[in-house]
file upload.txt (compact mmCIF, C-alpha atoms and all ligand atoms)
# COMPACT_ATOMS: atom_id res chain seq x y z
CA MET A 160 -14.68 21.55 149.34
CA ASP A 161 -16.12 18.85 147.02
CA ASN A 162 -14.50 18.38 143.65
CA ALA A 163 -17.08 16.21 141.88
CA PHE A 164 -17.90 19.17 139.64
CA ILE A 165 -14.68 18.40 137.78
CA ALA A 166 -16.19 15.17 136.50
CA THR A 167 -19.67 16.46 135.85
CA THR A 168 -19.22 19.92 134.33
CA PHE A 169 -19.23 19.64 130.53
CA ASP A 170 -17.99 16.28 129.32
CA TRP A 171 -15.06 15.86 131.63
CA ASP A 172 -16.10 12.50 133.03
CA HIS A 173 -15.23 10.79 129.78
CA ARG A 174 -13.66 7.67 131.17
CA TYR A 175 -16.77 5.54 130.89
CA PRO A 176 -16.75 3.62 127.59
CA THR A 177 -19.68 4.16 125.24
CA SER A 178 -22.12 1.29 124.68
CA TRP A 179 -20.43 0.62 121.33
CA GLN A 180 -17.01 0.43 123.03
CA ARG A 181 -18.37 -1.87 125.74
CA PHE A 182 -19.83 -4.16 123.08
CA SER A 183 -16.53 -4.20 121.17
CA ASN A 184 -14.65 -4.95 124.39
CA LYS A 185 -16.89 -7.97 125.03
CA VAL A 186 -16.10 -9.26 121.56
CA LEU A 187 -12.38 -8.66 122.11
CA ARG A 188 -12.55 -10.54 125.42
CA LYS A 189 -14.36 -13.47 123.75
CA LEU A 190 -11.63 -13.55 121.13
CA ARG A 191 -9.11 -13.69 124.00
CA LEU A 192 -7.44 -10.49 122.77
CA THR A 193 -6.01 -8.27 125.51
CA VAL A 194 -6.57 -4.95 123.74
CA ARG A 195 -9.57 -2.81 124.90
CA LEU A 196 -11.24 0.36 123.62
CA SER A 197 -11.50 3.35 125.93
CA PRO A 198 -12.77 6.91 125.50
CA ALA A 199 -10.30 9.41 124.06
CA PRO A 200 -9.11 12.25 126.33
CA SER A 201 -10.47 15.69 125.59
CA ASP A 202 -8.18 17.87 123.46
CA MET A 203 -6.93 20.24 126.12
CA ALA A 204 -6.56 18.11 129.24
CA ASN A 205 -8.32 15.32 131.10
CA VAL A 206 -10.00 14.72 134.43
CA GLU A 207 -6.71 13.73 136.08
CA ALA A 208 -5.06 17.01 135.03
CA ARG A 209 -8.04 18.98 136.37
CA MET A 210 -7.74 17.07 139.67
CA ASN A 211 -4.08 18.07 139.90
CA LEU A 212 -5.11 21.67 139.27
CA PHE A 213 -7.77 21.42 141.97
CA HIS A 214 -5.42 20.13 144.66
CA LEU A 215 -2.55 22.48 143.85
CA LEU A 216 -4.68 25.61 143.79
CA GLU A 217 -6.68 24.56 146.86
CA GLN A 218 -3.40 24.17 148.79
CA THR A 219 -2.40 27.78 148.11
CA VAL A 220 -5.81 29.04 149.25
CA VAL A 221 -5.83 26.97 152.45
CA ASN A 222 -2.24 28.06 153.17
CA LYS A 223 -3.32 31.69 152.69
CA VAL A 224 -0.61 32.46 150.13
CA PRO A 225 -0.98 36.15 149.22
CA GLY A 226 -1.91 37.17 145.69
CA ASP A 227 -4.26 36.53 142.80
CA VAL A 228 -4.51 33.59 140.43
CA VAL A 229 -3.42 33.61 136.78
CA ASP A 230 -4.34 31.25 133.94
CA LEU A 231 -1.80 31.67 131.15
CA GLY A 232 -3.25 30.09 128.03
CA CYS A 233 -6.87 29.81 129.14
CA ASN A 234 -8.29 28.79 125.74
CA ALA A 235 -12.07 28.22 126.11
CA GLY A 236 -11.83 28.47 129.89
CA ASP A 237 -12.17 24.89 131.11
CA SER A 238 -9.31 25.19 133.62
CA THR A 239 -10.33 28.74 134.46
CA ILE A 240 -13.72 27.39 135.51
CA VAL A 241 -12.07 25.05 138.01
CA MET A 242 -10.00 27.94 139.35
CA GLN A 243 -12.93 30.33 139.65
CA ARG A 244 -15.11 27.73 141.37
CA ILE A 245 -12.47 27.07 144.00
CA LEU A 246 -12.01 30.77 144.71
CA THR A 247 -15.72 31.51 144.73
CA GLU A 248 -16.16 28.88 147.42
CA LEU A 249 -12.96 29.27 149.45
CA ASP A 250 -11.71 32.83 148.99
CA PRO A 251 -13.74 35.23 146.82
CA SER A 252 -11.31 38.04 147.63
CA LYS A 253 -8.82 36.53 145.18
CA ALA A 254 -9.24 37.42 141.51
CA VAL A 255 -8.68 35.11 138.54
CA HIS A 256 -6.88 36.61 135.53
CA ALA A 257 -7.09 34.69 132.26
CA TYR A 258 -4.71 35.32 129.34
CA ASP A 259 -4.93 34.14 125.76
CA SER A 260 -4.74 35.41 122.21
CA PHE A 261 -8.22 33.89 121.80
CA GLU A 262 -6.96 33.27 118.25
CA GLY A 263 -4.88 30.16 118.95
CA LEU A 264 -1.10 29.83 118.73
CA PRO A 265 1.12 32.59 117.33
CA GLU A 266 3.45 32.33 114.31
CA LEU A 267 6.06 29.75 115.34
CA THR A 268 9.75 30.57 115.61
CA GLU A 269 12.43 28.07 114.73
CA ASN A 270 12.50 26.85 118.35
CA ASP A 271 8.98 25.47 117.99
CA ARG A 272 8.85 24.77 114.25
CA ASN A 273 11.54 22.13 114.59
CA ASP A 274 9.31 20.10 116.94
CA ASN A 275 6.87 19.58 114.07
CA VAL A 276 3.89 19.59 116.39
CA TYR A 277 1.99 22.84 116.03
CA GLY A 278 1.20 25.64 113.59
CA LYS A 279 -0.13 29.18 113.77
CA GLY A 280 -3.78 29.36 114.83
CA TYR A 281 -3.91 25.87 116.35
CA MET A 282 -6.41 25.53 119.22
CA ALA A 283 -8.19 28.80 118.48
CA ALA A 284 -11.11 29.43 120.85
CA GLY A 285 -12.77 32.84 120.96
CA LEU A 286 -13.41 35.06 123.96
CA GLU A 287 -17.15 34.78 123.26
CA LEU A 288 -17.05 31.01 123.88
CA PHE A 289 -15.08 31.59 127.09
CA SER A 290 -17.64 34.16 128.34
CA HIS A 291 -20.56 31.97 127.28
CA LYS A 292 -19.33 29.12 129.49
CA PHE A 293 -19.12 31.36 132.55
CA ARG A 294 -22.57 32.84 131.87
CA THR A 295 -24.10 29.38 131.41
CA LEU A 296 -22.60 28.13 134.67
CA GLY A 297 -23.57 31.30 136.53
CA LEU A 298 -19.96 31.78 137.60
CA LYS A 299 -18.24 35.08 138.26
CA MET A 300 -16.47 36.22 135.08
CA PRO A 301 -12.67 36.40 135.55
CA TYR A 302 -10.57 39.30 134.25
CA THR A 303 -9.64 38.43 130.68
CA HIS A 304 -6.57 39.72 128.88
CA LYS A 305 -6.82 39.19 125.15
CA GLY A 306 -3.59 39.37 123.17
CA TRP A 307 -0.21 37.72 122.67
CA PHE A 308 1.58 36.99 125.92
CA GLU A 309 4.41 39.17 124.69
CA GLU A 310 1.98 42.14 124.86
CA THR A 311 -0.08 41.32 127.96
CA VAL A 312 2.65 39.88 130.23
CA PRO A 313 4.01 41.45 132.41
CA LYS A 314 1.89 44.57 131.67
CA ASP A 315 -1.44 43.04 132.81
CA LEU A 316 -0.19 40.76 135.57
CA PRO A 317 -1.46 41.32 139.12
CA GLU A 318 1.13 42.69 141.57
CA LYS A 319 1.19 39.47 143.61
CA ILE A 320 0.46 35.95 142.41
CA SER A 321 -0.47 32.98 144.62
CA PHE A 322 -1.07 30.44 141.87
CA ALA A 323 -0.21 30.27 138.16
CA LEU A 324 -1.19 27.78 135.49
CA PHE A 325 1.25 27.82 132.57
CA ASP A 326 -0.44 26.31 129.53
CA GLY A 327 1.02 27.96 126.43
CA ASP A 328 2.14 24.71 124.78
CA LEU A 329 5.09 26.32 123.01
CA TYR A 330 8.73 26.78 123.94
CA GLU A 331 8.58 30.51 123.14
CA SER A 332 5.38 31.12 125.09
CA THR A 333 6.66 29.27 128.16
CA ARG A 334 10.05 30.97 127.94
CA HIS A 335 8.40 34.39 127.83
CA LEU A 336 5.95 33.74 130.69
CA LEU A 337 8.11 32.05 133.32
CA PRO A 338 10.46 34.87 134.41
CA HIS A 339 7.73 37.54 134.58
CA VAL A 340 5.27 35.41 136.51
CA TYR A 341 7.91 33.85 138.79
CA GLU A 342 9.04 37.34 139.83
CA ARG A 343 5.55 38.18 141.13
CA MET A 344 4.85 34.88 142.87
CA SER A 345 4.66 35.08 146.67
CA PRO A 346 6.67 32.65 148.79
CA GLY A 347 4.63 29.43 148.92
CA ALA A 348 2.89 30.18 145.61
CA ILE A 349 2.52 27.27 143.22
CA GLY A 350 3.15 27.21 139.48
CA MET A 351 1.55 24.35 137.56
CA ILE A 352 2.94 23.53 134.14
CA ALA A 353 0.14 21.92 132.20
CA VAL A 354 2.08 19.75 129.78
CA TYR A 355 5.40 18.91 131.38
CA TYR A 356 6.60 15.44 130.49
CA ASP A 357 9.71 13.87 131.96
CA GLU A 358 10.19 10.48 130.38
CA LYS A 359 12.80 9.57 133.01
CA ILE A 360 10.21 9.89 135.75
CA LEU A 361 7.06 8.80 133.98
CA ALA A 362 7.46 7.09 130.61
CA ARG A 363 4.58 7.88 128.26
CA GLU A 364 5.73 5.61 125.48
CA GLY A 365 2.86 3.76 123.85
CA ILE A 366 0.20 5.99 125.42
CA SER A 367 -1.84 7.68 122.74
CA GLY A 368 -2.80 11.35 123.01
CA GLY A 369 -1.32 13.94 125.27
CA TYR A 370 2.36 14.15 124.41
CA ARG A 371 2.41 17.09 122.09
CA SER A 372 4.41 19.87 123.68
CA PRO A 373 8.12 19.04 124.00
CA GLY A 374 9.06 22.75 123.95
CA VAL A 375 7.40 23.30 127.34
CA LYS A 376 9.86 21.06 129.18
CA ARG A 377 12.81 22.56 127.32
CA ALA A 378 11.85 26.11 128.28
CA THR A 379 10.96 25.15 131.86
CA ASP A 380 14.19 23.24 132.48
CA GLU A 381 16.24 26.09 131.04
CA PHE A 382 14.52 28.56 133.35
CA PHE A 383 14.97 26.47 136.51
CA ARG A 384 18.60 25.59 135.80
CA ASP A 385 19.83 28.37 138.10
CA LYS A 386 16.87 28.42 140.54
CA GLN A 387 16.51 26.76 143.92
CA GLU A 388 13.04 25.40 143.18
CA LYS A 389 12.55 21.96 141.69
CA VAL A 390 9.91 21.00 139.13
CA SER A 391 8.07 17.81 140.16
CA VAL A 392 6.02 15.58 137.89
CA LEU A 393 2.40 14.65 138.55
CA TYR A 394 0.62 11.75 136.92
CA ALA A 395 -2.27 12.79 134.66
CA ASN A 396 -3.04 9.67 132.63
CA GLU A 397 -2.28 10.49 128.94
CA TYR A 398 -0.99 13.85 130.08
CA SER A 399 1.71 14.73 132.54
CA ASN A 400 1.82 17.84 134.71
CA GLY A 401 4.67 19.64 136.40
CA TYR A 402 4.63 21.98 139.36
CA PHE A 403 6.95 23.99 141.56
CA ARG A 404 6.52 25.84 144.84
CA LYS A 405 8.14 29.26 145.05
CA LEU A 406 10.62 29.50 147.93
C1 LIG B 501 -3.50 23.96 125.40
S1 LIG B 501 -4.32 25.47 125.17
C2 LIG B 501 -4.81 25.85 126.82
C3 LIG B 501 -5.83 24.92 127.40
C4 LIG B 501 -6.51 25.40 128.65
N1 LIG B 501 -5.58 25.86 129.67
C5 LIG B 501 -7.40 24.31 129.22
O1 LIG B 501 -7.00 23.68 130.21
O2 LIG B 501 -8.47 24.06 128.68
C6 LIG B 501 -3.02 26.61 124.88
C7 LIG B 501 -3.49 28.04 124.73
O3 LIG B 501 -2.37 28.92 124.78
C8 LIG B 501 -2.61 30.02 123.92
N2 LIG B 501 -1.29 30.60 123.57
C9 LIG B 501 -0.14 29.94 123.34
N3 LIG B 501 0.86 30.80 123.09
C10 LIG B 501 0.33 32.05 123.19
C11 LIG B 501 0.87 33.37 123.08
N4 LIG B 501 2.17 33.58 122.81
N5 LIG B 501 0.05 34.41 123.30
C12 LIG B 501 -1.28 34.22 123.58
N6 LIG B 501 -1.84 32.99 123.69
C13 LIG B 501 -1.05 31.92 123.50
C14 LIG B 501 -3.36 29.43 122.73
O4 LIG B 501 -4.16 30.39 122.11
C15 LIG B 501 -4.19 28.31 123.40
O5 LIG B 501 -5.51 28.71 123.64
call {"tool": "encode", "arguments": {"input": "upload.txt", "output": "structure tokens"}}
result
Amino acid sequence: MDNAFIATTFDWDHRYPTSWQRFSNKVLRKLRLTVRLSPAPSDMANVEARMNLFHLLEQTVVNKVPGDVVDLGCNAGDSTIVMQRILTELDPSKAVHAYDSFEGLPELTENDRNDNVYGKGYMAAGLELFSHKFRTLGLKMPYTHKGWFEETVPKDLPEKISFALFDGDLYESTRHLLPHVYERMSPGAIGMIAVYYDEKILAREGISGGYRSPGVKRATDEFFRDKQEKVSVLYANEYSNGYFRKL
């Protein structure tokens, strides 16, 4: 299946500098300065992260891994759109389930407060915006589960899961989700961890944007300490993604 829609839907193809940035870059070049201006990544992810999502989910469909697909921390639905498009084209029998408070992040516990990154209500995007995007694109509306993960997971999870996107940004959210979702993942199912940075594998020092969720790696590494699966790191420009394949 083609994946050009990732670059063209909304404003995801934001790598091309604006005319003002191109002009500034010419001036910088003339001045023999090596610095250049480039477009900022979108808040939630970037094209590279969506490409990783595309290839990981597509693999599970082509390999006929049993189960539905879950998006844990769907926000305004930009990743969910990629997921639904893939399933609509390759296997419409699989359902997409999208989970979010649709009110942004919860009250932080000490585990997340100490990171000094986020606060309650950050990244709030309403269910109406999510639904509007699907209507506008003429895409099948996924099942949505509004509420704190602590209330909707595991209660509203499908019996079997073939692919999961973990994108809760917080230590507590990731720690809550992983064991419940892992338990329902079929052998061969893939879990993608949206903001998993491992500086030993891919140093992000000096790269602006992206690195804002240190609690995700802490919770993920804790969970996998006694598991056979390994979390691998995927390049995603300013971001960094992790994934594992359930054995
Ligand atoms: C980075 S955003 C997700 C971005 C989205 N996956 C995308 O690619 O566009 C993180 C989302 O997780 C949600 N979230 C985090 N912790 C949560 C919790 N405990 N319960 C419900 N939602 C939560 C937030 O509301 C927010 O929308």
call {"tool": "closest_atom_pairs", "arguments": {"input": "upload.txt", "of": "chain A", "to": "ligand LIG 501 (chain B)", "cutoff": "9 Å", "atoms": "only C-alpha atoms and all ligand atoms", "output": "Markdown table"}}
result
| residue | atom | partner | partner_atom | distance |
| --- | --- | --- | --- | --- |
| A:Asp202 | CA | B:LIG501 | C1 | 7.9 |
| A:Met203 | CA | B:LIG501 | O2 | 4.8 |
| A:Ala204 | CA | B:LIG501 | O1 | 5.7 |
| A:Asn205 | CA | B:LIG501 | O1 | 8.5 |
| A:Ala208 | CA | B:LIG501 | O1 | 8.5 |
| A:Arg209 | CA | B:LIG501 | O1 | 7.8 |
| A:Asp230 | CA | B:LIG501 | N1 | 7.0 |
| A:Leu231 | CA | B:LIG501 | O3 | 7.0 |
| A:Gly232 | CA | B:LIG501 | O3 | 3.6 |
| A:Cys233 | CA | B:LIG501 | N1 | 4.2 |
| A:Asn234 | CA | B:LIG501 | O5 | 3.5 |
| A:Ala235 | CA | B:LIG501 | O2 | 6.1 |
| A:Gly236 | CA | B:LIG501 | O2 | 5.7 |
| A:Asp237 | CA | B:LIG501 | O2 | 4.5 |
| A:Ser238 | CA | B:LIG501 | O1 | 4.4 |
| A:Thr239 | CA | B:LIG501 | N1 | 7.3 |
| A:Tyr258 | CA | B:LIG501 | N6 | 6.8 |
| A:Asp259 | CA | B:LIG501 | N6 | 3.9 |
| A:Ser260 | CA | B:LIG501 | C12 | 3.9 |
| A:Phe261 | CA | B:LIG501 | O4 | 5.4 |
| A:Glu262 | CA | B:LIG501 | O4 | 5.6 |
| A:Gly263 | CA | B:LIG501 | O4 | 3.2 |
| A:Leu264 | CA | B:LIG501 | O4 | 4.6 |
| A:Pro265 | CA | B:LIG501 | N4 | 5.7 |
| A:Glu266 | CA | B:LIG501 | N4 | 8.7 |
| A:Gly280 | CA | B:LIG501 | O4 | 7.4 |
| A:Tyr281 | CA | B:LIG501 | O4 | 7.3 |
| A:Met282 | CA | B:LIG501 | C15 | 5.5 |
| A:Ala283 | CA | B:LIG501 | O4 | 5.7 |
| A:Ala284 | CA | B:LIG501 | O5 | 6.3 |
| A:Gly285 | CA | B:LIG501 | O5 | 8.8 |
| A:Lys305 | CA | B:LIG501 | C12 | 7.6 |
| A:Gly306 | CA | B:LIG501 | C12 | 5.7 |
| A:Trp307 | CA | B:LIG501 | N5 | 3.4 |
| A:Phe308 | CA | B:LIG501 | N5 | 4.0 |
| A:Glu309 | CA | B:LIG501 | N4 | 6.3 |
| A:Glu310 | CA | B:LIG501 | N5 | 8.1 |
| A:Thr311 | CA | B:LIG501 | N5 | 8.3 |
| A:Leu324 | CA | B:LIG501 | N1 | 7.5 |
| A:Phe325 | CA | B:LIG501 | N1 | 7.7 |
| A:Asp326 | CA | B:LIG501 | N1 | 5.2 |
| A:Gly327 | CA | B:LIG501 | C9 | 3.8 |
| A:Asp328 | CA | B:LIG501 | C6 | 5.5 |
| A:Leu329 | CA | B:LIG501 | N3 | 6.2 |
| A:Tyr330 | CA | B:LIG501 | N3 | 8.9 |
| A:Glu331 | CA | B:LIG501 | N4 | 7.1 |
| A:Ser332 | CA | B:LIG501 | N4 | 4.6 |
| A:Thr333 | CA | B:LIG501 | N3 | 7.9 |
| A:His335 | CA | B:LIG501 | N4 | 8.0 |
| A:Leu336 | CA | B:LIG501 | N4 | 8.7 |
| A:Ala353 | CA | B:LIG501 | N1 | 7.4 |
| A:Val354 | CA | B:LIG501 | C1 | 8.2 |
call {"tool": "atom_distance", "arguments": {"input": "upload.txt", "atom1": "CA of Pro346 (chain A)", "atom2": "CA of Arg244 (chain A)"}}
result
23.5 Å
call {"tool": "closest_residue", "arguments": {"input": "upload.txt", "among": "A:Ile349, A:Val340, A:Val392, A:Leu196", "to": "Pro176 (chain A)", "atoms": "only C-alpha atoms"}}
result
A:Leu196
call {"tool": "closest_residue", "arguments": {"input": "upload.txt", "among": "A:Glu397, A:Val206, A:Pro301, A:Ser345", "to": "Gly365 (chain A)", "atoms": "all atoms listed in the file"}}
result
A:Glu397
call {"tool": "residues_around", "arguments": {"input": "upload.txt", "residues": "Asp271 (chain A)", "least_positions_apart": "4", "cutoff": "9 Å", "atoms": "all atoms listed in the file", "output": "PyMOL selection string"}}
result
chain A and resi 267+275-278+329-331+373-374
call {"tool": "closest_residue", "arguments": {"input": "upload.txt", "among": "A:Leu393, A:Ala163, A:Val229, A:Ile366", "to": "His304 (chain A)", "atoms": "only C-alpha atoms"}}
result
A:Val229
call {"tool": "atom_distance", "arguments": {"input": "upload.txt", "atom1": "CA of Gly347 (chain A)", "atom2": "CA of Asn222 (chain A)"}}
result
8.2 Å
call {"tool": "residues_around", "arguments": {"input": "upload.txt", "residues": "Ile240 (chain A)", "least_positions_apart": "2", "cutoff": "12 Å", "atoms": "only C-alpha atoms", "output": "NGL selection string"}}
result
:A and (164-165 or 168-169 or 209 or 212-213 or 230 or 233-238 or 242-247 or 255-257 or 289-301)
call {"tool": "atom_distance", "arguments": {"input": "upload.txt", "atom1": "CA of Ala395 (chain A)", "atom2": "CA of Glu269 (chain A)"}}
result
29.1 Å
call {"tool": "closest_residue", "arguments": {"input": "upload.txt", "among": "A:Pro198, A:Thr193, A:His214, A:Asp250", "to": "Thr177 (chain A)", "atoms": "all atoms listed in the file"}}
result
A:Pro198
call {"tool": "closest_residue", "arguments": {"input": "upload.txt", "among": "A:Arg188, A:Lys253, A:Lys389, A:Arg195", "to": "Val220 (chain A)", "atoms": "all atoms listed in the file"}}
result
A:Lys253
